[in-house]
file coords.cif (mmCIF, C-alpha atoms and all ligand atoms)
data_protein
#
loop_
_atom_site.label_atom_id
_atom_site.label_comp_id
_atom_site.auth_asym_id
_atom_site.auth_seq_id
_atom_site.Cartn_x
_atom_site.Cartn_y
_atom_site.Cartn_z
CA MET A 1 0.00 0.00 0.00
CA ASP A 2 1.02 3.60 -0.48
CA THR A 3 2.56 5.47 2.41
CA ILE A 4 -0.20 8.04 1.93
CA THR A 5 -3.22 6.88 3.92
CA LYS A 6 -5.80 5.60 1.48
CA ARG A 7 -9.39 6.72 1.66
CA MET A 8 -12.49 4.71 0.90
CA ARG A 9 -16.27 4.79 0.74
CA ALA A 10 -18.04 3.41 3.81
CA VAL A 11 -21.44 3.03 5.47
CA VAL A 12 -20.97 4.30 9.00
CA PHE A 13 -23.24 4.08 12.03
CA ASP A 14 -22.41 6.43 14.91
CA GLY A 15 -25.85 6.94 16.38
CA SER A 16 -27.22 7.66 12.96
CA LEU A 17 -26.49 6.04 9.64
CA ARG A 18 -24.51 7.87 6.97
CA PHE A 19 -22.52 7.32 3.81
CA GLU A 20 -18.88 8.48 4.04
CA ALA A 21 -16.89 9.08 0.87
CA ASN A 22 -13.62 9.69 2.65
CA TYR A 23 -13.10 7.09 5.37
CA THR A 24 -9.62 5.82 6.27
CA VAL A 25 -8.71 2.41 4.87
CA PRO A 26 -7.96 0.16 7.88
CA ALA A 27 -4.34 -0.58 8.74
CA LEU A 28 -3.35 -4.21 8.27
CA PRO A 29 -2.29 -6.07 11.45
CA GLU A 30 0.16 -8.99 11.21
CA GLY A 31 -1.65 -12.14 10.11
CA TRP A 32 -4.66 -10.26 8.76
CA ALA A 33 -5.81 -9.69 5.19
CA LEU A 34 -7.09 -6.57 3.47
CA ILE A 35 -10.15 -7.44 1.43
CA ARG A 36 -11.56 -5.38 -1.44
CA VAL A 37 -15.29 -5.82 -0.90
CA ARG A 38 -17.50 -6.46 -3.89
CA LYS A 39 -20.92 -7.07 -2.37
CA ALA A 40 -22.26 -6.79 1.15
CA GLY A 41 -25.63 -7.87 2.50
CA ILE A 42 -27.86 -5.99 4.92
CA CYS A 43 -28.98 -8.28 7.71
CA GLN A 44 -31.44 -8.11 10.59
CA THR A 45 -28.48 -7.83 12.96
CA ASP A 46 -27.56 -4.52 11.30
CA MET A 47 -31.04 -3.26 12.11
CA GLU A 48 -30.65 -4.41 15.72
CA LEU A 49 -27.25 -2.66 15.97
CA MET A 50 -28.89 0.57 14.86
CA LYS A 51 -31.45 0.14 17.67
CA GLY A 52 -28.62 -0.07 20.18
CA TYR A 53 -27.64 -3.74 20.23
CA ARG A 54 -24.04 -3.99 21.53
CA SER A 55 -23.65 -0.19 21.40
CA PHE A 56 -21.77 -0.65 18.14
CA ARG A 57 -20.17 2.35 16.43
CA GLY A 58 -18.34 2.11 13.13
CA ILE A 59 -18.72 0.63 9.66
CA LEU A 60 -21.65 -1.77 9.51
CA GLY A 61 -21.76 -5.07 7.66
CA HIS A 62 -20.67 -8.65 8.23
CA GLU A 63 -21.93 -10.45 5.13
CA PHE A 64 -19.66 -9.98 2.14
CA ILE A 65 -17.81 -11.36 -0.77
CA GLY A 66 -14.64 -9.73 -1.97
CA TYR A 67 -11.13 -10.19 -3.25
CA VAL A 68 -7.98 -10.41 -1.15
CA GLU A 69 -6.06 -7.24 -1.91
CA ASN A 70 -3.13 -7.64 0.44
CA CYS A 71 -1.87 -10.10 3.05
CA SER A 72 1.33 -11.85 4.07
CA ASP A 73 0.23 -15.04 2.29
CA GLN A 74 0.85 -14.15 -1.37
CA ALA A 75 -1.01 -17.26 -2.55
CA LEU A 76 -4.24 -15.72 -1.27
CA VAL A 77 -3.91 -12.37 -3.01
CA GLY A 78 -6.56 -11.97 -5.71
CA LYS A 79 -8.69 -14.85 -4.43
CA ARG A 80 -12.47 -14.44 -4.17
CA VAL A 81 -13.33 -14.94 -0.52
CA THR A 82 -15.81 -14.51 2.26
CA GLY A 83 -14.89 -14.66 5.93
CA GLU A 84 -15.92 -15.95 9.34
CA ILE A 85 -16.88 -12.85 11.26
CA ASN A 86 -15.48 -13.66 14.71
CA ALA A 87 -11.84 -12.60 15.10
CA SER A 88 -10.86 -14.51 18.24
CA CYS A 89 -7.66 -14.15 20.31
CA GLY A 90 -6.45 -17.70 19.66
CA LYS A 91 -4.92 -17.94 23.12
CA CYS A 92 -7.65 -18.14 25.78
CA ALA A 93 -9.11 -21.36 27.22
CA LEU A 94 -12.17 -21.24 24.92
CA CYS A 95 -10.03 -20.62 21.83
CA ARG A 96 -7.79 -23.56 22.76
CA LYS A 97 -10.91 -25.74 23.01
CA GLY A 98 -11.79 -24.77 19.44
CA LEU A 99 -14.59 -22.46 20.61
CA GLY A 100 -13.10 -19.29 19.15
CA ASN A 101 -16.63 -18.10 18.25
CA HIS A 102 -17.15 -17.69 22.00
CA CYS A 103 -13.77 -16.12 22.81
CA PRO A 104 -14.39 -13.33 25.36
CA GLU A 105 -11.73 -11.20 23.63
CA ARG A 106 -13.19 -11.63 20.19
CA LYS A 107 -13.91 -8.81 17.83
CA VAL A 108 -16.77 -9.30 15.43
CA LEU A 109 -16.83 -7.83 11.94
CA GLY A 110 -19.28 -4.94 11.82
CA ILE A 111 -20.80 -6.02 15.14
CA HIS A 112 -18.25 -5.58 17.92
CA GLN A 113 -15.08 -3.49 17.97
CA LEU A 114 -14.21 -4.15 14.36
CA ASP A 115 -15.23 -2.10 11.35
CA GLY A 116 -17.51 -4.06 9.04
CA CYS A 117 -17.63 -4.78 5.34
CA MET A 118 -19.96 -2.09 3.95
CA ALA A 119 -16.95 -0.27 2.59
CA ASP A 120 -14.43 -0.55 -0.22
CA TYR A 121 -12.13 -2.47 2.15
CA CYS A 122 -12.36 -4.50 5.33
CA ILE A 123 -9.85 -6.57 7.30
CA LEU A 124 -10.06 -10.02 8.85
CA PRO A 125 -7.51 -12.56 10.14
CA VAL A 126 -6.21 -14.67 7.25
CA SER A 127 -7.39 -17.78 9.12
CA ASN A 128 -10.98 -16.48 8.93
CA LEU A 129 -11.04 -16.36 5.14
CA ILE A 130 -12.67 -18.97 2.99
CA GLU A 131 -12.15 -19.12 -0.73
CA ILE A 132 -15.41 -19.25 -2.63
CA PRO A 133 -15.60 -22.16 -5.08
CA ARG A 134 -15.79 -21.10 -8.71
CA SER A 135 -19.09 -22.95 -9.04
CA LEU A 136 -20.82 -20.40 -6.81
CA VAL A 137 -21.81 -17.17 -8.52
CA ASP A 138 -21.68 -13.96 -6.43
CA ASP A 139 -25.42 -13.81 -5.89
CA ARG A 140 -25.41 -17.27 -4.31
CA ALA A 141 -22.13 -16.79 -2.49
CA VAL A 142 -23.52 -13.78 -0.56
CA PHE A 143 -25.71 -16.28 1.28
CA ILE A 144 -22.82 -18.31 2.68
CA GLU A 145 -22.87 -16.52 6.05
CA PRO A 146 -26.62 -16.59 6.72
CA LEU A 147 -27.01 -20.09 5.29
CA SER A 148 -24.18 -21.28 7.55
CA ALA A 149 -26.04 -19.78 10.50
CA ALA A 150 -29.08 -21.79 9.39
CA CYS A 151 -26.97 -24.96 9.05
CA GLU A 152 -25.78 -24.48 12.63
CA ILE A 153 -29.22 -25.72 13.75
CA ILE A 154 -28.62 -29.03 11.97
CA GLU A 155 -25.33 -29.39 13.80
CA GLN A 156 -26.87 -28.54 17.18
CA VAL A 157 -30.11 -30.53 16.96
CA LEU A 158 -29.40 -34.08 15.94
CA PHE A 159 -32.44 -34.58 13.71
CA GLU A 160 -33.49 -38.11 12.86
CA GLY A 161 -35.61 -36.98 9.91
CA ASN A 162 -39.04 -37.94 11.25
CA GLU A 163 -39.53 -34.91 13.51
CA ASN A 164 -42.23 -32.31 13.16
CA VAL A 165 -40.46 -28.95 12.88
CA VAL A 166 -42.01 -25.49 12.92
CA VAL A 167 -40.02 -22.43 11.87
CA LEU A 168 -41.49 -19.13 13.05
CA GLY A 169 -40.57 -16.11 10.94
CA ASP A 170 -40.68 -15.47 7.20
CA GLY A 171 -37.68 -13.16 7.12
CA ARG A 172 -34.63 -14.23 5.22
CA LEU A 173 -33.14 -16.12 8.17
CA GLY A 174 -36.41 -17.95 8.87
CA ILE A 175 -36.65 -19.02 5.23
CA LEU A 176 -33.02 -20.15 5.13
CA CYS A 177 -33.49 -22.09 8.40
CA ALA A 178 -36.59 -23.78 6.97
CA TRP A 179 -34.76 -24.64 3.72
CA ALA A 180 -31.70 -25.97 5.53
CA ILE A 181 -33.76 -28.11 7.91
CA SER A 182 -35.95 -29.39 5.07
CA THR A 183 -32.86 -31.01 3.54
CA VAL A 184 -32.75 -33.41 6.51
CA VAL A 185 -36.33 -33.46 7.85
CA GLU A 186 -39.48 -34.34 5.90
CA ASP A 187 -42.07 -32.44 7.94
CA VAL A 188 -41.13 -28.76 8.19
CA THR A 189 -43.64 -25.90 8.40
CA LEU A 190 -42.74 -22.24 8.01
CA VAL A 191 -45.17 -19.83 9.60
CA GLY A 192 -44.93 -16.14 8.72
CA HIS A 193 -46.87 -12.91 8.58
CA HIS A 194 -46.37 -11.83 4.97
CA PRO A 195 -48.19 -13.81 2.27
CA GLU A 196 -45.66 -12.80 -0.41
CA LYS A 197 -42.66 -13.92 1.65
CA VAL A 198 -44.37 -17.17 2.59
CA GLU A 199 -45.02 -17.76 -1.12
CA ILE A 200 -41.33 -17.14 -1.88
CA SER A 201 -40.31 -19.68 0.75
CA LYS A 202 -41.94 -22.66 -1.01
CA TRP A 203 -39.26 -25.23 -1.80
CA ARG A 204 -39.06 -29.02 -1.58
CA ASN A 205 -41.65 -30.39 0.85
CA LEU A 206 -41.80 -27.26 2.95
CA LYS A 207 -45.29 -26.53 4.27
CA THR A 208 -46.14 -22.88 4.77
CA GLY A 209 -48.79 -20.69 6.27
CA THR A 210 -49.58 -17.21 7.52
CA ASN A 211 -52.32 -18.19 9.89
CA ARG A 212 -51.09 -18.87 13.41
CA ASP A 213 -54.01 -21.34 13.70
CA ILE A 214 -52.04 -23.89 11.70
CA ILE A 215 -49.68 -24.17 14.65
CA LYS A 216 -50.73 -26.89 17.03
CA SER A 217 -48.86 -27.51 20.25
CA ASP A 218 -47.18 -30.64 19.05
CA ALA A 219 -43.95 -29.54 17.33
CA ASP A 220 -40.88 -31.57 18.27
CA VAL A 221 -38.65 -28.64 17.37
CA VAL A 222 -39.60 -24.97 17.01
CA VAL A 223 -37.17 -22.45 15.55
CA ASP A 224 -37.80 -18.84 16.55
CA ALA A 225 -36.49 -16.70 13.72
CA THR A 226 -39.16 -14.02 14.08
CA GLY A 227 -36.72 -11.32 15.14
CA SER A 228 -39.41 -10.09 17.52
CA SER A 229 -39.70 -10.36 21.27
CA SER A 230 -43.05 -12.14 20.99
CA GLY A 231 -41.46 -15.02 19.04
CA ILE A 232 -40.43 -16.92 22.15
CA ASN A 233 -44.02 -16.87 23.45
CA GLU A 234 -45.31 -18.30 20.18
CA ALA A 235 -42.52 -20.86 20.20
CA MET A 236 -43.41 -21.99 23.73
CA SER A 237 -47.02 -22.55 22.73
CA ALA A 238 -46.10 -24.39 19.51
CA CYS A 239 -43.62 -26.73 21.20
CA ARG A 240 -44.69 -30.10 22.58
CA PRO A 241 -43.73 -31.18 26.12
CA ARG A 242 -40.04 -32.15 26.19
CA GLY A 243 -39.58 -30.62 22.75
CA THR A 244 -36.85 -28.20 21.74
CA ILE A 245 -36.96 -24.49 20.99
CA VAL A 246 -34.09 -23.06 18.96
CA LEU A 247 -33.64 -19.32 19.45
CA LYS A 248 -32.28 -17.73 16.32
CA SER A 249 -33.19 -14.07 16.91
CA THR A 250 -30.99 -11.54 18.61
CA VAL A 251 -33.62 -9.07 19.70
CA ALA A 252 -32.35 -5.82 21.19
CA SER A 253 -35.20 -5.38 23.64
CA GLN A 254 -37.27 -8.04 25.32
CA GLY A 255 -40.84 -7.45 26.40
CA ASP A 256 -42.42 -9.16 29.37
CA LEU A 257 -41.37 -12.76 29.30
CA ASN A 258 -42.97 -15.55 31.27
CA LEU A 259 -40.78 -18.63 31.08
CA ALA A 260 -43.17 -20.84 33.08
CA PRO A 261 -44.08 -22.93 29.98
CA ILE A 262 -40.42 -23.91 29.63
CA VAL A 263 -40.58 -25.46 33.10
CA VAL A 264 -44.11 -26.85 32.88
CA LYS A 265 -43.54 -28.46 29.47
CA GLU A 266 -39.91 -29.32 30.26
CA ILE A 267 -38.79 -27.69 27.02
CA ASN A 268 -35.16 -27.66 25.92
CA LEU A 269 -34.09 -24.15 25.03
CA LEU A 270 -31.22 -23.85 22.60
CA GLY A 271 -29.43 -20.68 21.56
CA SER A 272 -28.02 -20.75 18.03
CA ARG A 273 -25.86 -18.14 16.35
CA CYS A 274 -23.22 -18.44 13.64
CA GLY A 275 -22.32 -21.57 11.76
CA ARG A 276 -19.21 -22.96 10.08
CA PHE A 277 -18.90 -21.58 6.56
CA GLU A 278 -17.91 -24.99 5.22
CA SER A 279 -21.44 -26.13 6.05
CA GLY A 280 -23.03 -23.25 4.17
CA ILE A 281 -20.79 -23.73 1.13
CA GLN A 282 -21.42 -27.46 1.15
CA MET A 283 -25.16 -26.91 1.24
CA LEU A 284 -25.01 -24.38 -1.61
CA GLU A 285 -23.07 -26.88 -3.69
CA SER A 286 -25.29 -29.84 -2.80
CA TYR A 287 -28.54 -27.98 -3.52
CA PRO A 288 -28.01 -25.88 -6.65
CA ASP A 289 -31.80 -25.71 -6.93
CA MET A 290 -32.16 -23.89 -3.60
CA PRO A 291 -33.93 -20.76 -4.91
CA LEU A 292 -31.75 -18.11 -3.28
CA GLY A 293 -32.25 -15.64 -6.11
CA ARG A 294 -35.83 -15.16 -4.85
CA LEU A 295 -34.45 -13.79 -1.61
CA ILE A 296 -32.65 -10.86 -3.25
CA THR A 297 -35.05 -7.96 -3.00
CA ALA A 298 -32.78 -5.28 -4.46
CA SER A 299 -29.18 -4.15 -4.97
CA TYR A 300 -27.89 -0.61 -4.50
CA PRO A 301 -24.54 1.07 -5.10
CA VAL A 302 -22.80 1.95 -1.83
CA GLU A 303 -23.47 5.66 -2.34
CA GLU A 304 -27.18 4.83 -2.01
CA ALA A 305 -26.73 2.87 1.21
CA LEU A 306 -29.32 4.91 3.08
CA THR A 307 -31.91 4.05 0.46
CA ALA A 308 -30.78 0.43 0.68
CA PHE A 309 -31.35 0.38 4.45
CA GLU A 310 -34.70 2.08 3.95
CA ARG A 311 -35.67 -0.65 1.49
CA ALA A 312 -34.38 -3.38 3.83
CA SER A 313 -36.55 -2.07 6.66
CA GLN A 314 -39.75 -2.43 4.66
CA GLY A 315 -41.93 -5.35 5.61
CA ASP A 316 -41.70 -7.20 2.32
CA ALA A 317 -37.89 -6.98 2.00
CA LEU A 318 -35.74 -10.10 2.28
CA LYS A 319 -32.12 -9.57 1.23
CA VAL A 320 -30.93 -6.15 0.16
CA LEU A 321 -27.39 -5.96 -1.22
CA ILE A 322 -24.92 -3.10 -1.31
CA GLU A 323 -22.45 -3.10 -4.20
CA MET A 324 -19.02 -1.46 -4.18
CA ARG A 325 -18.71 -0.93 -7.89
ZN ZN A 401 -26.08 -11.35 9.55
ZN ZN A 402 -9.78 -16.34 22.81
#
call {"tool": "encode", "arguments": {"input": "coords.cif", "output": "structure tokens"}}
result
Amino acid sequence: MDTITKRMRAVVFDGSLRFEANYTVPALPEGWALIRVRKAGICQTDMELMKGYRSFRGILGHEFIGYVENCSDQALVGKRVTGEINASCGKCALCRKGLGNHCPERKVLGIHQLDGCMADYCILPVSNLIEIPRSLVDDRAVFIEPLSAACEIIEQVLFEGNENVVVLGDGRLGILCAWAISTVVEDVTLVGHHPEKVEISKWRNLKTGTNRDIIKSDADVVVDATGSSSGINEAMSACRPRGTIVLKSTVASQGDLNLAPIVVKEINLLGSRCGRFESGIQMLESYPDMPLGRLITASYPVEEALTAFERASQGDALKVLIEMR
């Protein structure tokens, strides 16, 4: 890089959201890579951050594909990559147990103490990067991160295939969770609020509905991907005794919550966050018919990021992309 500090375009949140044309390109720590971002996705977590989740300040964005511009490993330069978003310390007890995603010292791209990817450049440890197979076009590859988060459920809940699964929430994450689970379980129902999103979610044997009445109280596994504080209440009523609820929403504020049904029905409550990117990539390659293109609502150049966020906050929006052309 030049000795002159380089400037870049960036989408910055510092209490309010703005587009910056003249942001400093991040310095490159030892063992990290500088990535020239090509596309970034707006995610529900970004919306939560803007409501105060984690008191984040800085460049938003944690879903991206880009090209390695600079790093100590020359073989990686120029490669099309995405990256695991947790930059862990590598030294603490949790890191040594292979649980770097839970490292107390970790920085998280665009979420915690690390500028995100809605900019011309972002940085991540080289070990976080994953090369995107040539077979995956950009508009599928942008789903690696959220699809991996959906696949995490399959790794946490050891499905046998004959369960009755209900996914609550017809946002992008709910749909991806339903699609991922439907690759291993026959009987999956997605329940949402928006008829057009529910329509979009139809794939394989997935059953869908907008009427809460279709939910009985007999689900073996309920996934709460509603992104709303009432989701857990609906999940508790949909779950059978001794069933499992998977919590997939990080909701910034919780309303009144009565957990008595968890005790009375002896429900297992499982928190689920990020997944391994290998799982997401593998699923994308195994299911080329997974209709991800339907989930892309719109794409905007980075200069129009505010419009992009506006679009993403509308009820019918699924995935809105920001492009760094
Ligand atoms: Zn996300
Ligand atoms: Zn650590």
call {"tool": "residues_near_ligand", "arguments": {"input": "coords.cif", "ligand": "ligand ZN 402 (chain A)", "cutoff": "6 Å", "atoms": "all atoms listed in the file", "output": "ChimeraX atom specification"}}
result
/A:88-92,94-95,100,103,105
call {"tool": "residues_near_ligand", "arguments": {"input": "coords.cif", "ligand": "ligand ZN 401 (chain A)", "cutoff": "8 Å", "atoms": "all atoms listed in the file", "output": "list in words"}}
result
Gly41, Ile42, Cys43, Gln44, Thr45, Asp46, Gly61, His62, Glu63, Glu145 and Pro146 of chain A
call {"tool": "closest_residue", "arguments": {"input": "coords.cif", "among": "A:Thr297, A:Thr82, A:Ser228, A:Ile123", "to": "Phe143 of chain A", "atoms": "all atoms listed in the file"}}
result
A:Thr82
call {"tool": "residues_around", "arguments": {"input": "coords.cif", "residues": "segment 56-59 of chain A", "least_positions_apart": "3", "cutoff": "9 Å", "atoms": "only C-alpha atoms", "output": "list in words"}}
result
Ala10, Val11, Val12, Phe13, Asp14, Gly15, Leu49, Met50, Gly52, Tyr53, Leu109, Gly110, Ile111, His112, Gln113, Leu114, Asp115, Gly116, Cys117, Met118 and Ala119 of chain A
call {"tool": "closest_residue", "arguments": {"input": "coords.cif", "among": "A:Arg212, A:Arg273, A:Arg311, A:Lys51", "to": "His193 of chain A", "atoms": "all atoms listed in the file"}}
result
A:Arg212
call {"tool": "closest_residue", "arguments": {"input": "coords.cif", "among": "A:Asn233, A:Cys239, A:Ile144, A:Pro133", "to": "Val165 of chain A", "atoms": "only C-alpha atoms"}}
result
A:Cys239
call {"tool": "residues_around", "arguments": {"input": "coords.cif", "residues": "Pro29 of chain A", "least_positions_apart": "2", "cutoff": "12 Å", "atoms": "only C-alpha atoms", "output": "list in words"}}
result
Pro26, Ala27, Gly31, Trp32, Ala33, Leu34, Asn70, Cys71, Ser72, Cys122, Ile123, Leu124, Pro125 and Val126 of chain A
call {"tool": "atom_distance", "arguments": {"input": "coords.cif", "atom1": "atom CA of Ala235 of chain A", "atom2": "atom CA of Glu199 of chain A"}}
result
21.7 Å
call {"tool": "residues_around", "arguments": {"input": "coords.cif", "residues": "Ala312 of chain A", "least_positions_apart": "5", "cutoff": "12 Å", "atoms": "all atoms listed in the file", "output": "ChimeraX atom specification"}}
result
/A:41-47,171-172,295-300,305-307,317-322
call {"tool": "residues_around", "arguments": {"input": "coords.cif", "residues": "Phe277 of chain A", "least_positions_apart": "5", "cutoff": "12 Å", "atoms": "all atoms listed in the file", "output": "PyMOL selection string"}}
result
chain A and resi 63+81-86+128-132+141-152+282-284
call {"tool": "closest_residue", "arguments": {"input": "coords.cif", "among": "A:Ser182, A:Leu269, A:Pro241, A:Lys207", "to": "Asp224 of chain A", "atoms": "only C-alpha atoms"}}
result
A:Leu269
call {"tool": "atom_distance", "arguments": {"input": "coords.cif", "atom1": "atom CA of Val77 of chain A", "atom2": "atom CA of Arg36 of chain A"}}
result
10.5 Å
